[in-house]
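Asker: I am attaching a structure below and will ask some questions about it afterwards.
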Amino acid sequence: MSAVKKLQLAIVGFGRAGRIHAKNVLSNNRCVLKYLVEQESVIDRILPDVTACTAGGVTPPKLVANLNLSEILTDSEISGVIIASSTDTHEHIVTECLKAGKNVMCEKPLGTTSEVISRHYALATENGCSLLCAFNRRFDPDLREAWRRIRSGELGKINRIKCMSGDRELPPAEYLKNSGGIFVDTCIHDLDAIAWLAGQRASSVYAAGGANYQCVRDAGDWDTVAVTLGFPDGCIGTVENNRNVAHGFHQAVEVQGDKGSLIIDNHYPSRVQVWNHSGRCLPPAVPDFVSRYKESYILELEHFLDTIEGVAVEVSAADVLAATKLAELCKASITTNTVMQVTQ
């Protein structure tokens with residue numbers, strides 16, 4: 001029996017997300033990492049990390065400098081490209097990959113506006129490619145279990161969904177300037193998750209927030225925000241996002257229905273709790289999204305490989321456009337102090 005041919009992939013970008021994807025691709029027996037594309041200025045710096053990822057006899061990928069896509073796009077063996085470069089490069093790279101007939105998984109956002117993202121999906125359809133926007137939380141086992149229980153009717157009619165997210169420390173100033181802003185950079189995951197759990201599109205959105213650090217103000221952004229979503233059936237969604245949380249990477253979800261509720265708590269490196277005269281003592285939450293969502297990234301890659309082989313993409317164009325529109329309306333709301341109505 002002949003061996004099953006592995007899918008050959010390229011990764012563009014080797015920052016935090018790119019490292020996660022590279023490690024997962026190299027550990028997956030369904031695929032091969034053939035190319036790793038990065039800026040010339042960081043190639044030498046990332047070599048030790050690339051070497052560490054390929055320890056144990058794994059063939060290292062070819063490093064391509066200056067985000068030069070021509071080699072990977074003309075390589076007929078490349079069936080998929082994972083884009084994890086800086087936000088400001090996504091639009092161009094997604095376009096070029098789809099034009100070349102490559103299947104794409106891209107970290108959000110797929111583009112700077114809803115119009116650009118719509119063109120990307122049209123291009124994917126035109127060229128017979130899968131396009132997966134990497135809303136990795138859709139593949140988190142905890143959230144998938146919550147979705148299953150909601151869909152089963154166990155909780156009854158859902159009246160309230162709350163998602164709370166917070167980074168352990170502020171990102172660098174340079175990152176903030178190129179992130180697209182907190183609503184596109186972090187809140188969009190929660191906006192998508194709430195609509196997915198609710199099983200419906202939001203009809204209104206209101207956002208409020210503050211900029212408590214000079215580097216955030218310099219970037220014209222907010223570091224602490226609260227968003228209220230209204231849904232047609234009366235359900236209320238709330239999002240709380242914070243760029244700087246002292247106790248660790250804060251990720252919690254609450255869902256309240258008329259027959260029951262569920263809670264997804266923070267993840268901790270240890271399940272041991274100490275009870276004494278000071279009360280209940282817990283360790284800090286896991287430090288970052290790399291730790292919290294490790295399994296979701298693995299399952300997300302599996303789904304991308306499935307889409308290359310013909311399975312429908314779970315995160316649809318309509319889902320991505322809806323979340324993008326909400327993120328855009330959040331910014332409009334916070335700058336005008338107005339409840340924004342969502343036109344479907």
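Starting from 1 in every chain, residues are counted up; chains themselves are A, B, ... following the order of the structure tokens, and ligands are numbered from 1 as listed.
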With a distance cut-off of 12 Å and only C-alpha atoms, select the neighbouring residues of Gly15 in chain A, excluding the residue or stretch itself and same-chain residues fewer than 4 positions from it, and output the selection as a list in words.

Answerer: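 Contacts, in chain order: Ile11, Arg19, Ile20, His21, Ala22, Leu36, Val37, Glu38, Gln39, Val42, Ile43, Arg45, Ile46, Asp49, Val50, Ile83, Ala84, Ser85, Ser86, Thr87, Glu107, Tyr175 and Val290 of chain A.
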
Asker: List every residue of range 30-213 of chain A that DSSP, applied to the backbone, labels as strand (DSSP E), and write the result as a ChimeraX atom specification.

Answerer: /A:31-37,62-64,78-83,103-106,131-133,158-166,204-210

Asker: Please dump the current selection as an mmCIF file, in the first residue's frame; keep N, CA and C atoms.

Answerer:
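Final output, saved to part_30.cif:
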```
data_model
loop_
_atom_site.group_PDB
_atom_site.id
_atom_site.type_symbol
_atom_site.label_atom_id
_atom_site.label_comp_id
_atom_site.auth_asym_id
_atom_site.auth_seq_id
_atom_site.Cartn_x
_atom_site.Cartn_y
_atom_site.Cartn_z
ATOM 1 N N CYS A 31 0.682 16.733 7.300
ATOM 2 C CA CYS A 31 1.210 17.840 6.502
ATOM 3 C C CYS A 31 2.707 18.043 6.712
ATOM 4 N N VAL A 32 3.281 18.854 5.825
ATOM 5 C CA VAL A 32 4.710 19.183 5.845
ATOM 6 C C VAL A 32 4.839 20.699 5.737
ATOM 7 N N LEU A 33 5.721 21.287 6.526
ATOM 8 C CA LEU A 33 6.005 22.718 6.409
ATOM 9 C C LEU A 33 7.178 22.891 5.441
ATOM 10 N N LYS A 34 6.864 23.336 4.237
ATOM 11 C CA LYS A 34 7.897 23.452 3.198
ATOM 12 C C LYS A 34 8.580 24.808 3.210
ATOM 13 N N TYR A 35 7.803 25.884 3.486
ATOM 14 C CA TYR A 35 8.364 27.236 3.462
ATOM 15 C C TYR A 35 7.959 28.009 4.720
ATOM 16 N N LEU A 36 8.867 28.866 5.155
ATOM 17 C CA LEU A 36 8.587 29.838 6.211
ATOM 18 C C LEU A 36 9.044 31.190 5.694
ATOM 19 N N VAL A 37 8.108 32.121 5.572
ATOM 20 C CA VAL A 37 8.378 33.417 4.955
ATOM 21 C C VAL A 37 8.380 34.497 6.033
ATOM 22 N N LYS A 62 12.195 25.732 4.239
ATOM 23 C CA LYS A 62 13.056 26.693 3.565
ATOM 24 C C LYS A 62 12.647 28.083 4.018
ATOM 25 N N LEU A 63 13.633 28.898 4.420
ATOM 26 C CA LEU A 63 13.351 30.262 4.849
ATOM 27 C C LEU A 63 13.372 31.189 3.644
ATOM 28 N N VAL A 64 12.315 31.972 3.506
ATOM 29 C CA VAL A 64 12.190 32.926 2.409
ATOM 30 C C VAL A 64 12.120 34.320 3.000
ATOM 31 N N ILE A 78 2.485 23.310 -3.129
ATOM 32 C CA ILE A 78 1.916 24.002 -1.968
ATOM 33 C C ILE A 78 0.402 24.075 -2.112
ATOM 34 N N SER A 79 -0.288 23.433 -1.178
ATOM 35 C CA SER A 79 -1.750 23.409 -1.235
ATOM 36 C C SER A 79 -2.389 24.364 -0.236
ATOM 37 N N GLY A 80 -1.615 24.870 0.725
ATOM 38 C CA GLY A 80 -2.184 25.771 1.713
ATOM 39 C C GLY A 80 -1.156 26.734 2.269
ATOM 40 N N VAL A 81 -1.619 27.943 2.579
ATOM 41 C CA VAL A 81 -0.753 28.971 3.166
ATOM 42 C C VAL A 81 -1.403 29.470 4.446
ATOM 43 N N ILE A 82 -0.632 29.485 5.516
ATOM 44 C CA ILE A 82 -1.090 30.022 6.799
ATOM 45 C C ILE A 82 -0.458 31.395 6.975
ATOM 46 N N ILE A 83 -1.294 32.417 7.140
ATOM 47 C CA ILE A 83 -0.808 33.800 7.216
ATOM 48 C C ILE A 83 -0.873 34.276 8.652
ATOM 49 N N ASN A 103 -5.166 27.534 -0.965
ATOM 50 C CA ASN A 103 -6.066 27.573 0.183
ATOM 51 C C ASN A 103 -5.404 28.389 1.286
ATOM 52 N N VAL A 104 -6.194 29.150 2.020
ATOM 53 C CA VAL A 104 -5.630 30.111 2.974
ATOM 54 C C VAL A 104 -6.284 29.983 4.348
ATOM 55 N N MET A 105 -5.443 29.973 5.376
ATOM 56 C CA MET A 105 -5.894 30.230 6.740
ATOM 57 C C MET A 105 -5.158 31.471 7.206
ATOM 58 N N CYS A 106 -5.895 32.485 7.610
ATOM 59 C CA CYS A 106 -5.274 33.769 7.971
ATOM 60 C C CYS A 106 -5.736 34.220 9.344
ATOM 61 N N LEU A 131 -11.045 29.507 2.389
ATOM 62 C CA LEU A 131 -10.525 30.670 3.104
ATOM 63 C C LEU A 131 -11.040 30.596 4.532
ATOM 64 N N LEU A 132 -10.127 30.346 5.458
ATOM 65 C CA LEU A 132 -10.480 30.194 6.874
ATOM 66 C C LEU A 132 -9.916 31.361 7.666
ATOM 67 N N CYS A 133 -10.816 32.191 8.210
ATOM 68 C CA CYS A 133 -10.387 33.240 9.138
ATOM 69 C C CYS A 133 -10.163 32.576 10.487
ATOM 70 N N ILE A 158 -31.834 31.353 25.912
ATOM 71 C CA ILE A 158 -30.654 32.067 26.397
ATOM 72 C C ILE A 158 -30.978 33.551 26.542
ATOM 73 N N ASN A 159 -30.774 34.071 27.758
ATOM 74 C CA ASN A 159 -31.084 35.470 28.049
ATOM 75 C C ASN A 159 -29.851 36.366 28.122
ATOM 76 N N ARG A 160 -28.694 35.763 28.451
ATOM 77 C CA ARG A 160 -27.489 36.598 28.639
ATOM 78 C C ARG A 160 -26.237 35.777 28.355
ATOM 79 N N ILE A 161 -25.300 36.366 27.612
ATOM 80 C CA ILE A 161 -23.987 35.755 27.369
ATOM 81 C C ILE A 161 -22.922 36.817 27.625
ATOM 82 N N LYS A 162 -21.942 36.463 28.425
ATOM 83 C CA LYS A 162 -20.885 37.403 28.780
ATOM 84 C C LYS A 162 -19.525 36.777 28.507
ATOM 85 N N CYS A 163 -18.680 37.501 27.770
ATOM 86 C CA CYS A 163 -17.303 37.060 27.516
ATOM 87 C C CYS A 163 -16.349 38.092 28.098
ATOM 88 N N MET A 164 -15.409 37.630 28.905
ATOM 89 C CA MET A 164 -14.413 38.507 29.526
ATOM 90 C C MET A 164 -13.019 38.071 29.090
ATOM 91 N N SER A 165 -12.256 39.017 28.567
ATOM 92 C CA SER A 165 -10.913 38.716 28.075
ATOM 93 C C SER A 165 -9.940 39.781 28.550
ATOM 94 N N GLY A 166 -8.742 39.343 28.953
ATOM 95 C CA GLY A 166 -7.731 40.294 29.387
ATOM 96 C C GLY A 166 -6.337 39.738 29.226
ATOM 97 N N SER A 204 -28.001 45.394 17.758
ATOM 98 C CA SER A 204 -27.512 46.701 18.208
ATOM 99 C C SER A 204 -26.216 46.512 18.982
ATOM 100 N N VAL A 205 -25.429 47.584 19.048
ATOM 101 C CA VAL A 205 -24.159 47.524 19.762
ATOM 102 C C VAL A 205 -23.851 48.883 20.379
ATOM 103 N N TYR A 206 -23.360 48.830 21.617
ATOM 104 C CA TYR A 206 -22.902 50.053 22.288
ATOM 105 C C TYR A 206 -21.577 49.748 22.977
ATOM 106 N N ALA A 207 -20.597 50.641 22.807
ATOM 107 C CA ALA A 207 -19.269 50.429 23.376
ATOM 108 C C ALA A 207 -18.833 51.641 24.188
ATOM 109 N N ALA A 208 -18.159 51.349 25.297
ATOM 110 C CA ALA A 208 -17.570 52.397 26.128
ATOM 111 C C ALA A 208 -16.182 51.928 26.546
ATOM 112 N N GLY A 209 -15.309 52.861 26.904
ATOM 113 C CA GLY A 209 -13.968 52.436 27.295
ATOM 114 C C GLY A 209 -13.088 53.584 27.726
ATOM 115 N N GLY A 210 -11.863 53.232 28.087
ATOM 116 C CA GLY A 210 -10.889 54.221 28.528
ATOM 117 C C GLY A 210 -9.489 53.863 28.055
#
```

Asker: Tell me, which residues of range 56-89 of chain A carry DSSP helix (DSSP H, G or I), written as a compact mmCIF listing (two decimals) with all heavy atoms, in the first residue's frame?

Answerer:
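Writing the result to out.txt gives the following:
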```
# COMPACT_ATOMS: atom_id res chain seq x y z
N SER A 70 6.62 34.98 -4.27
CA SER A 70 6.64 34.41 -5.62
C SER A 70 6.99 32.93 -5.63
O SER A 70 6.38 32.14 -6.36
CB SER A 70 7.60 35.20 -6.51
OG SER A 70 8.92 35.15 -5.98
N GLU A 71 7.96 32.51 -4.83
CA GLU A 71 8.39 31.12 -4.85
C GLU A 71 7.29 30.18 -4.36
O GLU A 71 7.03 29.13 -4.96
CB GLU A 71 9.65 30.93 -4.01
CG GLU A 71 10.20 29.52 -4.10
CD GLU A 71 11.57 29.37 -3.45
OE1 GLU A 71 12.08 30.35 -2.88
OE2 GLU A 71 12.11 28.25 -3.50
N ILE A 72 6.63 30.56 -3.27
CA ILE A 72 5.60 29.65 -2.74
C ILE A 72 4.35 29.65 -3.61
O ILE A 72 3.66 28.64 -3.74
CB ILE A 72 5.24 29.97 -1.27
CG1 ILE A 72 4.53 31.31 -1.14
CG2 ILE A 72 6.47 29.93 -0.39
CD1 ILE A 72 3.98 31.56 0.26
N LEU A 73 4.05 30.79 -4.24
CA LEU A 73 2.84 30.88 -5.05
C LEU A 73 2.98 30.17 -6.39
O LEU A 73 1.97 29.78 -7.00
CB LEU A 73 2.45 32.34 -5.26
CG LEU A 73 2.11 33.13 -3.99
CD1 LEU A 73 1.61 34.52 -4.33
CD2 LEU A 73 1.07 32.40 -3.14
N THR A 87 -0.65 42.57 11.02
CA THR A 87 -2.00 42.87 10.55
C THR A 87 -2.00 43.68 9.25
O THR A 87 -2.81 43.42 8.35
CB THR A 87 -2.76 43.64 11.64
OG1 THR A 87 -2.91 42.81 12.79
CG2 THR A 87 -4.12 44.08 11.17
N ASP A 88 -1.08 44.63 9.13
CA ASP A 88 -1.09 45.51 7.97
C ASP A 88 -0.69 44.81 6.68
O ASP A 88 -0.85 45.38 5.59
CB ASP A 88 -0.19 46.72 8.22
CG ASP A 88 1.24 46.33 8.57
OD1 ASP A 88 1.42 45.34 9.29
OD2 ASP A 88 2.18 47.02 8.14
N THR A 89 -0.19 43.58 6.75
CA THR A 89 0.21 42.84 5.54
C THR A 89 -0.85 41.85 5.07
O THR A 89 -0.73 41.29 3.98
CB THR A 89 1.52 42.07 5.79
OG1 THR A 89 1.28 41.03 6.77
CG2 THR A 89 2.63 42.99 6.29
```

Asker: Show me, as a list in words, the residues that have an atom within 12 Å of Thr112 in chain A when counting only C-alpha atoms, minus same-chain residues fewer than 5 positions from it.

Answerer: Thr87, Asp88, Thr89, His90, Glu91, His92, Val94, Ile117, Ser118, Arg119, His120, Asn178, Ser179, Gly180, Gly181, Val184, Asp185, Leu321, Thr324, Lys325, Ala327 and Glu328 of chain A

Asker: Out of A:Val286, A:Ala193, A:Ala10, A:Ala100, which residue has the shortest atom-to-atom distance to Val315 in chain A when counting only C-alpha atoms?

Answerer: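 The closest residue to Val315 in chain A is A:Ala193.
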
Asker: Which residue, A:His277, A:Arg137, A:Lys108, A:Lys23, has the smallest gap to Ser296 in chain A when you use only C-alpha atoms?

Answerer: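 So, comparing all the options, the nearest one is A:Arg137.
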
Asker: Please identify all polymer residues within 12 Å of Asp142 in chain A, counting only C-alpha atoms, omitting same-chain residues fewer than 5 positions from it, and present them as a ChimeraX atom specification.

Answerer: /A:137,147-149,193,197,251-254,262-267,292-293,295-296

Asker: Taking into account only C-alpha atoms, which residue in the set A:Ala134, A:Leu143, A:Ala285, A:Ala332 is nearest to Glu300 in chain A?

Answerer: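 Nearest candidate to Glu300 in chain A out of A:Ala134, A:Leu143, A:Ala285, A:Ala332: A:Ala134.
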
Asker: Can you work out which one of A:Tyr297, A:Cys187, A:Pro283, A:Gly156 has the shortest atom-to-atom distance to Val255 in chain A, counting only C-alpha atoms?

Answerer: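 Once distances to Val255 in chain A are computed over only C-alpha atoms, the minimum belongs to A:Gly156.
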
Asker: Counting only C-alpha atoms, what are the residues of range 292-316 of chain A within 9 Å of range 25-28 of chain A, and for each of them which pair of atoms is the nearest and at what distance in Å, to one decimal? Sort the table by chain and rising number, as CSV.

Answerer:
```
residue,atom,partner,partner_atom,distance
A:Ile298,CA,A:Val25,CA,8.6
A:Leu301,CA,A:Val25,CA,7.6
A:Glu302,CA,A:Asn28,CA,8.6
```

Asker: Rank A:Lys102, A:Gln256, A:Phe289, A:Glu169 by their smallest atom-to-atom distance to Asn244 in chain A, using only C-alpha atoms, and report the top residue only.

Answerer: A:Glu169

Asker: To one decimal place, how far is CA of Cys235 in chain A from CA of Glu145 in chain A in Å?

Answerer: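 Between CA of Cys235 in chain A and CA of Glu145 in chain A the gap works out to 19.9 Å.
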
Asker: Which residues come within 9 Å of range 212-220 of chain A, counting only C-alpha atoms, excluding same-chain residues fewer than 2 positions away, as a PyMOL selection string?

Answerer: chain A and resi 170+172-174+176-178+181+210+222-224

Asker: For the selection you just gave me, I'd like the residues written to a file as a compact mmCIF listing (two decimals), in the first residue's frame, keeping N, CA and C atoms.

Answerer:
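Once written, selection.txt looks like this:
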```
# COMPACT_ATOMS: atom_id res chain seq x y z
N LEU A 170 0.49 44.76 28.92
CA LEU A 170 0.33 45.55 27.71
C LEU A 170 1.28 45.06 26.61
N PRO A 172 3.71 45.65 23.25
CA PRO A 172 4.64 46.74 22.93
C PRO A 172 3.93 47.87 22.16
N ALA A 173 4.48 49.07 22.29
CA ALA A 173 3.89 50.23 21.63
C ALA A 173 3.82 50.05 20.12
N GLU A 174 4.85 49.44 19.53
CA GLU A 174 4.87 49.24 18.08
C GLU A 174 3.73 48.31 17.65
N LEU A 176 0.85 47.98 19.23
CA LEU A 176 -0.40 48.71 19.36
C LEU A 176 -0.67 49.59 18.14
N LYS A 177 0.38 50.18 17.59
CA LYS A 177 0.22 51.07 16.45
C LYS A 177 -0.25 50.34 15.20
N ASN A 178 0.11 49.07 15.10
CA ASN A 178 -0.21 48.29 13.89
C ASN A 178 -1.28 47.23 14.11
N GLY A 181 -6.35 48.29 16.41
CA GLY A 181 -7.19 48.74 17.52
C GLY A 181 -7.79 47.57 18.28
N GLY A 210 -11.86 53.23 28.09
CA GLY A 210 -10.89 54.22 28.53
C GLY A 210 -9.49 53.86 28.06
N TRP A 222 -7.95 52.26 22.88
CA TRP A 222 -8.43 52.08 24.24
C TRP A 222 -7.85 50.79 24.79
N ASP A 223 -7.59 50.74 26.09
CA ASP A 223 -7.05 49.52 26.70
C ASP A 223 -8.08 48.78 27.54
N THR A 224 -9.18 49.45 27.89
CA THR A 224 -10.23 48.85 28.69
C THR A 224 -11.57 49.20 28.06
```

Asker: Excluding Leu326 in chain A and any residue of its chain fewer than 5 positions from it, enumerate the residues within 12 Å of it, using only C-alpha atoms, and give them as a VMD selection string.

Answerer: chain A and resid 113 to 114 183 to 184 187 to 192 194 to 195 201 to 207 227 to 230 239 319 to 321 331 to 333 339 to 344

Asker: Rank A:Leu282, A:Ser41, A:Val12, A:Gln273 by their smallest atom-to-atom distance to Cys97 in chain A, using only C-alpha atoms, and report the top residue only.

Answerer: A:Val12
